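Beneath this line is the structure, given in structure tokens, with notes to follow.
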Amino acid sequence: MAQAIVELKGVGKSFRSADGTARSVLEGVDFRLAEGEIVSLLGQSGSGKSTMLRIMAGLIGVDGGEVRYRDQPLFGPARGISMVFQSFALFPWLTVQQNVELGLEARGVAPAERARRAVAAIELIGLAGFEGALPRELSGGMRQRVGIARALVVEPEVLLMDEAFSALDVLTGERLREDILDLWRRRAMPTKAILVVSHNIEEAVLMADRVLIFASDPGRVRFQLAVQLPRPRDPDSPNVRALIDEVYALMTAGSGRAGRRGEEPVVTNLAERLPEADIGRMEGLLERLVDDAFNGRADLPKLAEDTALTDDELLPLAQALSLLGLARLADGDLHITPLGRRYVDGEHTLRQEIFGQQLLTHVPLAAHIRHSLEQEPSGELSDKPFLRLLSESLDAAEAERVLGTAIEWGRHGEVYEYDFHTGLIHLPAGDTEAESA
Amino acid sequence: MFDKPFFPRQVVESPPNKWDWALLPLVLGILVLLAYGGSQMARPYQVGETLPLSLDPIVLPYYLMRTTLRMFLALGCSLVFACVFAVLAAKYKAAEKVLVPLLDILQSIPILGFLSITVTGFIALFPGNLFGVECAAIFAIFTSQAWNMAFSVYQSMRTVPAELKEAGRVFQLSGWQRFWRLELPFAMPGLLWNMMMSMSGGWFFVVAAEAISVSNQSIRLPGVGSYISLAIEQKNLGAIGWAIAGMLVGIILYDQLFFRPLLAWADKFRFEEGSNEHAPQSWLLAWLRRTDRVQAMTNQAFALLERSFVVFKRDYDGTSIRARAKPIDPRIERVWDTVLAAAVLLAVYRLVGFVHGEVGWGEVAHVFVLGFYTMIRVLVLIALAAAVWVPIGIWIGMNPLWSGRLQAVAQFLAAFPVNLVFPIVVVFIVHWHLNPNLWLSPLMVLGTQWYILFNVIAGASTVPTELRYAAQNLGLTGWLKWKRYLLPAVFPSFVTGAITASGGSWNASIVSEYVSWGSTTLQAQGLGSYIAHMTAVGDFPRIALGIGVMCVFVMGMNHFVWRRLYRLAEDRMHF
């Protein structure tokens with residue numbers, strides 16, 4: 001077995017939400033990053049994968065368990081660990097070369113030596129000639145190249161990549177990924193291990209020797225998958241396709257009660273993390289699903305390709321549909337339900353009625369809001385108490401997002417309405433007990 | 001790496017190019033002026049001695065140089081203060097608890113308040129030398145410049161994007177390196193803007209700062225401020241005209257020689273993406289960049305800074321036991337809070353005792369009533385200024401042909417010290433026997449109204465084109481167009497402008513409610529004139545009372561009016 005570089009043992013981390021209650025983000029995470037491997041972390045947003053990456057970078061301390069780097073406890077950012085950021089995190093007032101030299105300058109490397117190594121790194125990553133440019137003159141892909149050169153020039157043992165390609169367009173991201181894998185294969189960089197946080201399933205499968213899939217609330221490693229295909233990997237080869245399918249199946253397993261697998265416990269609390277799904281897109285996806293091309297049953301990777309949606313856009317949609325019982329997720333496939341067909345065939349009013357009905361039955365938060373409103377003689381309530389209720393178990397931004405989703409869905413299903421200016425949720429005008437479930 | 005010669009080779013070997021030669025007279029001239037001005041500042045002086053002053057326009061350039069020198073010294077002090085303050089407040093929670101409220105109070109204290117309290121101390125510091133008085137004047141100017149700069153740097157340091165901070169930590173930047181590479185550059189645009197604002201603010205109070213007349217001492221330092229003060233005393237309208245012209249020249253000079261190049265250089269510190277179409281240009285910076293020697297010397301300065309990075313680097317990383325987070329003992333925090341609470345209680349106790357013993361509660365009530373008058377003036381005038389300038393600003397902002405040029409003009413007008421036109425107003429009021437309570441009021445917004453104008457222009461020119469088309473397409477006209485489209489669109493920038501204008505107007509009330517021309521002194525009933533009057537008499541308890549009450553009003557207005565409007569604008573009305 002290869003030697004471990006970074007090791008996490010029973011790591012737990014919780015953050016304090018606004019009202020002071022602790023909220024667990026990671027729990028009991030065991031992980032070892034060994035020499036010579038690339039590991040991908042996949043998981044829904046909020047599953048703590050970015051937190052874990054930052055713990056390994058020494059940016060965040062842990063509450064429980066321990067982090068070891070080269071068998072030494074890790075208390076802060078270590079010199080042998082370098083990082084590439086999602087938003088590039090370049091210093092806009094420094095030129096490309098100055099940005100790349102940053103880590104060397106901080107270590108007190110002499111100017112001549114610094115310049116020599118920076119120029120070499122810039123050339124390695126394919127930016128020769130751009131040394132004097134300011135980051136704002138560069139395109140996104142080139143900026144991320146600077147970010148990578150900056151991370152590599154300090155000759156790190158471990159390279160951490162935090163969704164490094166997700167801010168780039170698909171084509172640019174793919175090229176950059178290929179270039180990095182090429183450097184890795186040729187051993188042109190001194191790095192001994194790479195950890196990639198991603199939400200792109202294909203990217204994870206193409207890059208990694210191991211894929212880790214995170215579960216949410218609290219974040220923990222749910223599945224682990226070894227990828228033993230030789231590199232370079234062809235995304236269209238049957239082996240790779242099969243693996244991608246498998247990862248999709250694992251990712252969607254247990255999400256959404258209608259299509260859940262037996263082993264996952266059902267979460268029926270109010271503060272359930274509602275998938276961030278836009279109504280228009282949900283309808284679009286359903287209509288797509290009944291199309292002749294799919295005929296009611298679609299493979300998720302195919303659907304992603306067909307709709308040109310990224311994984312982190314598609315998965316919440318599929319989960320939302322499955323949560324509302326309009327579709328069913330099984331083994332990485334999305335099946336339409338009879339109700340889903342009725343919805344697609346229906347007129348606008350029928351659609352709203354079905355949607356509202358399903359919302360009240362399957363989303364406890366929406367039912368709770370509706371019920372509370374019906375108790376009020378005025379039929380209206382401020383959004384504040386609901387937000388407070390949610391922030392008991394979610395952090396502030398997440399609570400707002402979940403309530404926002406619940407409000408959007410409720411508006412569409414005509415279960416309740418919301419006035420942005422007053423911050424009041426109220427029953428739809430002229431609505432009596434007729435529609436209550 | 002320290003065995004290198006201090007001067008880089010190109011300075012020694014290559015001859016200066018033609019741009020160097022062309023720049024030489026400018027550099028030498030500035031150096032000579034600095035040396036002469038500096039020597040004049042530290043000459044022997046006994047308290048009671050009157051310094052020779054003349055209203056001859058020929059001496060005006062010299063006075064202008066002295067005043068500008070003072071202002072730049074004060075600006076330098078403000079810069080250092082702003083950085084130290086921001087670093088302390090942003091890094092240490094314990095310091096933040098004291099410093100931020102303290103600055104909030106300090107910035108609402110009018111400049112005369114500082115002057116009257118500190119002048120004797122500064123004179124005692126340098127006995128027998130003019131430098132003590134100079135220090136008092138510089139300190140007074142400093143107090144009109146430092147606070148907004150400090151707040152600006154502090155705000156910027158707290159809003160450094162999280163990923164940049166993380167990058168700084170991952171790449172092992174030490175505190176010193178982080179300040180120069182990340183925090184100060186990030187704070188630079190805001191800081192520069194506030195420096196320019198401060199410089200304008202400084203001109204406004206230059207008369208008060210140079211012609212020190214506190215507690216029956218009257219010292220006039222050579223400078224434009226004293227020149228104006230003397231001209232007012234001698235009712236010399238011609239000299240006022242010369243002073244106005246001189247100041248205009250001064251403002252243009254330091255704008256062209258100092259702020260323009262600085263702004264053009266600092267454009268790279270902009271954090272926003274994309275290229276700026278209106279990137280500031282400067283002929284001087286372009287010139288400097290073509291020189292050889294001057295370039296080499298600035299490079300040398302930056303290289304020196306980079307060498308300091310080697311000295312102040314982190315010498316351990318995250319694997320060291322020294323990096324382990326040391327949990328702060330909650331008891332220490334509690335003790336600190338207790339100490340603060342005790343200090344505040346003591347201060348309140350002393351204040352109550354002081355008011356009770358020295359001035360009496362009747363006086364306090366009276367001063368509050370005066371403050372109320374001034375508040376009504378400020379609010380009414382801001383509303384009037386808004387009624388006039390918002391429509392004009394919108395019109396200008398929507399016409400790209402005009403907006404660029406007129407915005408610059410409005411900024412220039414904001415920099416112009418309007419107290420120079422006060423004498424004219426006095427002559428006018430006396431001649432027509434007008435009521436000073438009413439007619440002195442407009443002076444308060446004379447200088448500050450421009451903030452509203454140029455903010456509205458800026459706001460209107462950023463209204464998205466598609467929104468304009470939509471409004472045209474829907475055929476919005478009349479009041480509906482204003483209510484649903486134009487006013488909401490410029491509301492956030494209007495609030496920003498109005499906050500600055502309101503703060504400035506309170507400060508200006510001290511100068512504008514108490515105006516003199518020769519032996520005529522016109523007073524409007526208000527808090528400003530109360531403070532100005534008490535300062536002239538030298539009644540310290542009442543100066544303190546007036547200043548304290550003004551602080552209460554300014555902070556109250558900020559808290560109850562402006563911050564709420566600001567939040568409203570941020571929440572609801574931005575693109």
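To be explicit about the labels: the chains of the structure tokens are called A, B, and onward in the order shown, and within each one the residues are counted from 1, while ligands get numbers from 1 in the order they are shown.
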Dump as CSV the rows for residues of chain A within 9 Å of chain B: closest atom pair and distance in Å with one decimal, only C-alpha atoms counted, ordered by chain and rising residue number.
```
residue,atom,partner,partner_atom,distance
A:Ala57,CA,B:Val170,CA,7.1
A:Gly58,CA,B:Gly318,CA,6.7
A:Leu59,CA,B:Glu166,CA,7.0
A:Gly61,CA,B:Ala325,CA,8.0
A:Arg68,CA,B:Thr319,CA,8.8
A:Tyr69,CA,B:Thr319,CA,7.5
A:Gln72,CA,B:Thr319,CA,6.4
A:Pro73,CA,B:Thr319,CA,6.3
A:Leu74,CA,B:Thr319,CA,4.9
A:Phe75,CA,B:Arg324,CA,4.9
A:Gly76,CA,B:Gly318,CA,3.6
A:Pro77,CA,B:Gly318,CA,4.6
A:Ala78,CA,B:Gly318,CA,4.4
A:Arg79,CA,B:Asp317,CA,6.2
A:Ile81,CA,B:Val170,CA,7.7
A:Ser82,CA,B:Val170,CA,6.4
A:Met83,CA,B:Val170,CA,6.9
A:Val84,CA,B:Ala167,CA,8.5
A:Phe85,CA,B:Glu163,CA,7.2
A:Gln86,CA,B:Glu163,CA,8.5
A:Ser87,CA,B:Glu163,CA,7.5
A:Phe88,CA,B:Glu163,CA,8.2
A:Ala89,CA,B:Leu164,CA,5.0
A:Leu90,CA,B:Leu164,CA,7.1
A:Phe91,CA,B:Leu164,CA,7.3
A:Pro92,CA,B:Phe271,CA,6.5
A:Trp93,CA,B:Phe269,CA,5.0
A:Leu94,CA,B:Lys268,CA,8.4
A:Leu102,CA,B:Phe171,CA,7.2
A:Gly103,CA,B:Phe171,CA,4.7
A:Leu104,CA,B:Phe171,CA,8.2
A:Glu105,CA,B:Phe309,CA,7.4
A:Ala106,CA,B:Leu173,CA,5.2
A:Arg107,CA,B:Lys313,CA,6.5
A:Gly108,CA,B:Val310,CA,4.6
A:Val109,CA,B:Val310,CA,7.9
A:Ala110,CA,B:Met1,CA,7.3
A:Leu134,CA,B:Lys268,CA,8.3
A:Arg136,CA,B:Glu273,CA,6.2
A:Glu137,CA,B:Gly274,CA,7.8
A:Arg150,CA,B:Phe171,CA,9.0
A:Ala151,CA,B:Phe171,CA,8.2
A:Val154,CA,B:Phe171,CA,8.4
A:His421,CA,B:Arg572,CA,8.0
```
Save out the residues we just selected, C-alpha atoms, as a PDB file, in the first residue's frame.
```
ATOM      1  CA  ALA A  57      -5.600  22.671   3.302  1.00  0.00           C
ATOM      2  CA  GLY A  58      -5.282  23.700   6.943  1.00  0.00           C
ATOM      3  CA  LEU A  59      -7.660  26.615   6.408  1.00  0.00           C
ATOM      4  CA  GLY A  61      -9.644  23.613  12.119  1.00  0.00           C
ATOM      5  CA  ARG A  68      -2.193  14.357   9.927  1.00  0.00           C
ATOM      6  CA  TYR A  69       0.187  15.439   7.181  1.00  0.00           C
ATOM      7  CA  GLN A  72       2.559  15.146  11.774  1.00  0.00           C
ATOM      8  CA  PRO A  73      -0.533  16.796  13.199  1.00  0.00           C
ATOM      9  CA  LEU A  74      -1.672  19.636  10.940  1.00  0.00           C
ATOM     10  CA  PHE A  75      -2.643  22.942  12.568  1.00  0.00           C
ATOM     11  CA  GLY A  76      -2.628  25.333   9.607  1.00  0.00           C
ATOM     12  CA  PRO A  77      -1.730  25.634   5.926  1.00  0.00           C
ATOM     13  CA  ALA A  78       1.353  23.520   5.255  1.00  0.00           C
ATOM     14  CA  ARG A  79       4.052  24.374   2.733  1.00  0.00           C
ATOM     15  CA  ILE A  81      -0.020  21.520   0.265  1.00  0.00           C
ATOM     16  CA  SER A  82      -1.184  23.875  -2.454  1.00  0.00           C
ATOM     17  CA  MET A  83      -4.607  24.804  -3.727  1.00  0.00           C
ATOM     18  CA  VAL A  84      -6.440  25.884  -6.882  1.00  0.00           C
ATOM     19  CA  PHE A  85      -9.598  27.916  -6.318  1.00  0.00           C
ATOM     20  CA  GLN A  86     -12.978  27.895  -8.000  1.00  0.00           C
ATOM     21  CA  SER A  87     -12.956  31.653  -8.635  1.00  0.00           C
ATOM     22  CA  PHE A  88      -9.195  31.567  -9.414  1.00  0.00           C
ATOM     23  CA  ALA A  89      -8.411  33.898  -6.446  1.00  0.00           C
ATOM     24  CA  LEU A  90      -5.742  35.758  -8.406  1.00  0.00           C
ATOM     25  CA  PHE A  91      -4.576  39.103  -7.064  1.00  0.00           C
ATOM     26  CA  PRO A  92      -5.903  41.433  -9.780  1.00  0.00           C
ATOM     27  CA  TRP A  93      -3.234  44.093  -9.183  1.00  0.00           C
ATOM     28  CA  LEU A  94      -0.331  41.696  -9.740  1.00  0.00           C
ATOM     29  CA  LEU A 102       3.560  34.996  -4.712  1.00  0.00           C
ATOM     30  CA  GLY A 103       4.163  31.754  -2.850  1.00  0.00           C
ATOM     31  CA  LEU A 104       7.912  31.907  -3.506  1.00  0.00           C
ATOM     32  CA  GLU A 105       8.126  35.529  -2.415  1.00  0.00           C
ATOM     33  CA  ALA A 106       6.335  34.667   0.813  1.00  0.00           C
ATOM     34  CA  ARG A 107       8.987  32.052   1.510  1.00  0.00           C
ATOM     35  CA  GLY A 108      11.798  34.502   0.925  1.00  0.00           C
ATOM     36  CA  VAL A 109      13.179  32.979  -2.286  1.00  0.00           C
ATOM     37  CA  ALA A 110      15.721  35.305  -3.958  1.00  0.00           C
ATOM     38  CA  LEU A 134      -2.747  41.588 -15.650  1.00  0.00           C
ATOM     39  CA  ARG A 136      -8.189  41.059 -16.042  1.00  0.00           C
ATOM     40  CA  GLU A 137      -6.749  40.958 -19.544  1.00  0.00           C
ATOM     41  CA  ARG A 150       0.831  29.556  -8.913  1.00  0.00           C
ATOM     42  CA  ALA A 151      -0.065  26.364  -7.084  1.00  0.00           C
ATOM     43  CA  VAL A 154       5.883  26.014  -4.888  1.00  0.00           C
ATOM     44  CA  HIS A 421     -41.877  44.227  -0.116  1.00  0.00           C
TER      45      HIS A 421
END
```
Determine, counting only C-alpha atoms, which protein, DNA and RNA residues have an atom within 10 Å of an atom of region 520-531 of chain B; residues of the same chain fewer than 6 positions away are not included. Present the result as a compact mmCIF listing (two decimals) with C-alpha atoms, in the first residue's frame.
```
# COMPACT_ATOMS: atom_id res chain seq x y z
CA PRO B 110 -16.32 69.43 14.53
CA LEU B 112 -12.89 73.61 15.91
CA GLY B 113 -13.45 71.41 18.91
CA GLU B 233 -11.36 91.52 8.92
CA LYS B 235 -13.33 94.10 4.43
CA HIS B 366 -31.30 75.11 25.35
CA VAL B 367 -28.45 73.59 23.35
CA PHE B 368 -30.65 70.66 22.38
CA VAL B 369 -33.27 73.11 21.09
CA LEU B 370 -30.53 74.84 19.07
CA GLY B 371 -29.47 71.46 17.72
CA PHE B 372 -33.05 70.86 16.71
CA TYR B 373 -33.07 74.13 14.72
CA THR B 374 -29.89 73.14 12.92
CA MET B 375 -31.30 69.68 12.21
CA ILE B 376 -34.40 71.20 10.61
CA ARG B 377 -32.14 73.41 8.51
CA VAL B 426 -23.11 88.92 4.41
CA VAL B 427 -22.88 92.13 2.41
CA ILE B 429 -27.98 90.32 3.83
CA VAL B 430 -26.89 93.50 5.58
CA ASN B 435 -33.38 87.79 8.40
CA PRO B 436 -30.10 85.91 9.06
CA ASN B 437 -31.97 82.94 10.56
CA LEU B 438 -33.44 82.24 7.16
CA TRP B 439 -30.89 83.60 4.73
CA LEU B 440 -27.73 82.19 6.31
CA SER B 441 -29.14 78.68 6.06
CA TRP B 506 -23.54 69.61 10.00
CA ASN B 507 -19.87 70.36 9.99
CA ALA B 508 -20.40 73.38 7.80
CA SER B 509 -23.04 74.76 10.15
CA ILE B 510 -20.29 75.93 12.52
CA VAL B 511 -18.84 78.10 9.81
CA SER B 512 -22.04 79.11 8.10
CA GLU B 513 -24.30 79.98 11.01
CA TYR B 514 -21.76 82.44 12.37
CA VAL B 537 -15.13 83.49 23.70
CA ASP B 539 -15.63 79.00 27.15
CA ARG B 542 -19.77 75.15 26.71
CA ILE B 543 -17.64 74.23 23.68
CA ALA B 544 -17.56 70.69 24.99
CA LEU B 545 -21.28 70.73 25.59
CA GLY B 546 -22.01 72.01 22.09
CA ILE B 547 -19.71 69.45 20.51
CA VAL B 549 -24.74 67.59 21.55
CA MET B 550 -23.71 67.82 17.90
```
*Do a neighbour search on Val456 (chain B) at 9 Å with only C-alpha atoms, toss out local chain neighbours closer than 4 positions, and write the hits as a ChimeraX atom specification.*
/B:389-394,397,451-452,460-461,490-494,497
_Give me the residues near Ile369 (chain A) as a PyMOL selection string, where near means some atom within 10 Å (using only C-alpha atoms) and where sequence neighbours in that chain fewer than 6 positions away do not count._
chain A and resi 270+360+381+383+386+406-407+410+415-416+425-427
*Determine, counting only C-alpha atoms, which protein, DNA and RNA residues have an atom within 10 Å of an atom of Ser403 (chain B); residues of the same chain fewer than 3 positions away are not included. Present the result as a ChimeraX atom specification.*
/B:393-400,406-409,454,457-458,460-461
Dump of C-alpha atoms for the selected residues, as a PDB file, in the first residue's frame:
```pdb
ATOM      1  CA  GLY B 393     -28.625  64.947 -12.366  1.00  0.00           C
ATOM      2  CA  ILE B 394     -30.893  62.382 -14.007  1.00  0.00           C
ATOM      3  CA  TRP B 395     -31.078  64.435 -17.154  1.00  0.00           C
ATOM      4  CA  ILE B 396     -27.308  64.847 -17.321  1.00  0.00           C
ATOM      5  CA  GLY B 397     -26.635  61.215 -16.460  1.00  0.00           C
ATOM      6  CA  MET B 398     -28.925  60.004 -19.222  1.00  0.00           C
ATOM      7  CA  ASN B 399     -27.058  62.068 -21.791  1.00  0.00           C
ATOM      8  CA  PRO B 400     -23.719  60.352 -22.161  1.00  0.00           C
ATOM      9  CA  LEU B 406     -20.242  67.590 -16.024  1.00  0.00           C
ATOM     10  CA  GLN B 407     -19.520  64.948 -13.423  1.00  0.00           C
ATOM     11  CA  ALA B 408     -15.936  66.135 -13.298  1.00  0.00           C
ATOM     12  CA  VAL B 409     -17.145  69.729 -12.962  1.00  0.00           C
ATOM     13  CA  PHE B 454     -22.517  63.934  -8.952  1.00  0.00           C
ATOM     14  CA  ILE B 457     -25.272  61.680 -12.341  1.00  0.00           C
ATOM     15  CA  ALA B 458     -23.210  58.560 -11.728  1.00  0.00           C
ATOM     16  CA  ALA B 460     -28.336  57.734 -13.756  1.00  0.00           C
ATOM     17  CA  SER B 461     -25.572  56.933 -16.201  1.00  0.00           C
TER      18      SER B 461
END
```
*Extract, using only C-alpha atoms, all DNA, RNA and protein residues at most 8 Å from Gly140 (chain A), discarding same-chain residues fewer than 3 positions from it, and format them as JSON, numbers by chain.*
{"A": [143, 144, 167, 168]}
Resulting file, chosen residues, C-alpha atoms, as a PDB file, in the first residue's frame:
```
ATOM      1  CA  ARG A 143      -6.750  32.833 -15.505  1.00  0.00           C
ATOM      2  CA  GLN A 144      -7.218  29.371 -14.099  1.00  0.00           C
ATOM      3  CA  ALA A 167     -16.364  28.497 -13.500  1.00  0.00           C
ATOM      4  CA  LEU A 168     -15.159  27.768 -17.030  1.00  0.00           C
TER       5      LEU A 168
END
```
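CA of Trp184 (chain A) sits 25.7 Å away from CA of Asp30 (chain A).
CA of Gln281 (chain B) to CA of Met196 (chain B) spans 16.2 Å [interatomic distance, one decimal].
The smallest atom-to-atom distance between Ser47 (chain A) and any of A:Met207, A:Leu394, A:Ala293, A:Ser139, using only C-alpha atoms, is found for A:Leu394.
Using only C-alpha atoms, the smallest distance between any of A:Glu203, A:Asp182, A:Glu276, A:Asp306 and Glu408 (chain A) comes from A:Glu276.
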*What residues in region 48-292 of chain B get the DSSP label strand (DSSP E or B)? Please answer as a ChimeraX atom specification.*
/B:129,211-214,217-220
File of the preceding selection, C-alpha atoms, as a short mmCIF file (atom, residue, chain, number, x, y, z; two decimals), in the first residue's frame:
```cif
data_model
loop_
_atom_site.label_atom_id
_atom_site.label_comp_id
_atom_site.auth_asym_id
_atom_site.auth_seq_id
_atom_site.Cartn_x
_atom_site.Cartn_y
_atom_site.Cartn_z
CA ASN B 129 9.43 77.66 18.11
CA ALA B 211 -6.13 81.69 11.87
CA ILE B 212 -6.19 80.24 15.34
CA SER B 213 -8.28 82.41 17.62
CA VAL B 214 -8.97 80.38 20.67
CA GLN B 217 -5.14 84.02 21.66
CA SER B 218 -4.94 85.12 18.10
CA ILE B 219 -2.23 83.55 16.01
CA ARG B 220 -2.25 83.80 12.23
#
```
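Going from CA of Leu274 (chain A) to CA of Ala320 (chain A) covers 7.5 Å.
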*For region 154-160 of chain B, please output as a ChimeraX atom specification all residues within 10 Å (counting only C-alpha atoms; exclusion window: fewer than 5 positions along the same chain).*
/B:82-91,100,148-149,165,179,182-191
Go ahead and write the selection's residues with C-alpha atoms as a PDB file, in the first residue's frame.
```
ATOM      1  CA  ALA B  82      -5.876  55.143   8.683  1.00  0.00           C
ATOM      2  CA  CYS B  83      -3.661  52.105   8.072  1.00  0.00           C
ATOM      3  CA  VAL B  84      -2.756  51.574  11.730  1.00  0.00           C
ATOM      4  CA  PHE B  85      -6.345  52.036  12.811  1.00  0.00           C
ATOM      5  CA  ALA B  86      -7.702  49.648  10.195  1.00  0.00           C
ATOM      6  CA  VAL B  87      -5.151  46.947  10.926  1.00  0.00           C
ATOM      7  CA  LEU B  88      -5.801  47.095  14.670  1.00  0.00           C
ATOM      8  CA  ALA B  89      -9.574  47.197  14.317  1.00  0.00           C
ATOM      9  CA  ALA B  90      -9.759  44.484  11.678  1.00  0.00           C
ATOM     10  CA  LYS B  91      -7.361  42.068  13.370  1.00  0.00           C
ATOM     11  CA  VAL B 100     -14.961  51.687  15.876  1.00  0.00           C
ATOM     12  CA  ASN B 148     -13.317  58.844   6.584  1.00  0.00           C
ATOM     13  CA  MET B 149      -9.991  57.494   5.320  1.00  0.00           C
ATOM     14  CA  LYS B 165      -7.766  35.540   1.986  1.00  0.00           C
ATOM     15  CA  PHE B 179      -0.952  43.865   4.246  1.00  0.00           C
ATOM     16  CA  LEU B 182      -3.499  41.934  -0.460  1.00  0.00           C
ATOM     17  CA  GLU B 183      -5.135  44.259   2.026  1.00  0.00           C
ATOM     18  CA  LEU B 184      -3.716  47.643   1.089  1.00  0.00           C
ATOM     19  CA  PRO B 185      -4.086  47.109  -2.690  1.00  0.00           C
ATOM     20  CA  PHE B 186      -7.655  45.980  -2.148  1.00  0.00           C
ATOM     21  CA  ALA B 187      -8.351  49.069  -0.035  1.00  0.00           C
ATOM     22  CA  MET B 188      -6.594  51.401  -2.484  1.00  0.00           C
ATOM     23  CA  PRO B 189      -9.466  52.624  -4.712  1.00  0.00           C
ATOM     24  CA  GLY B 190     -11.666  53.487  -1.743  1.00  0.00           C
ATOM     25  CA  LEU B 191      -8.769  55.017   0.110  1.00  0.00           C
TER      26      LEU B 191
END
```
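In this comparison, which uses only C-alpha atoms, the residue of A:Arg70, A:His348, A:Lys49, A:Arg54 approaching Ala4 (chain A) most closely is A:Arg70.
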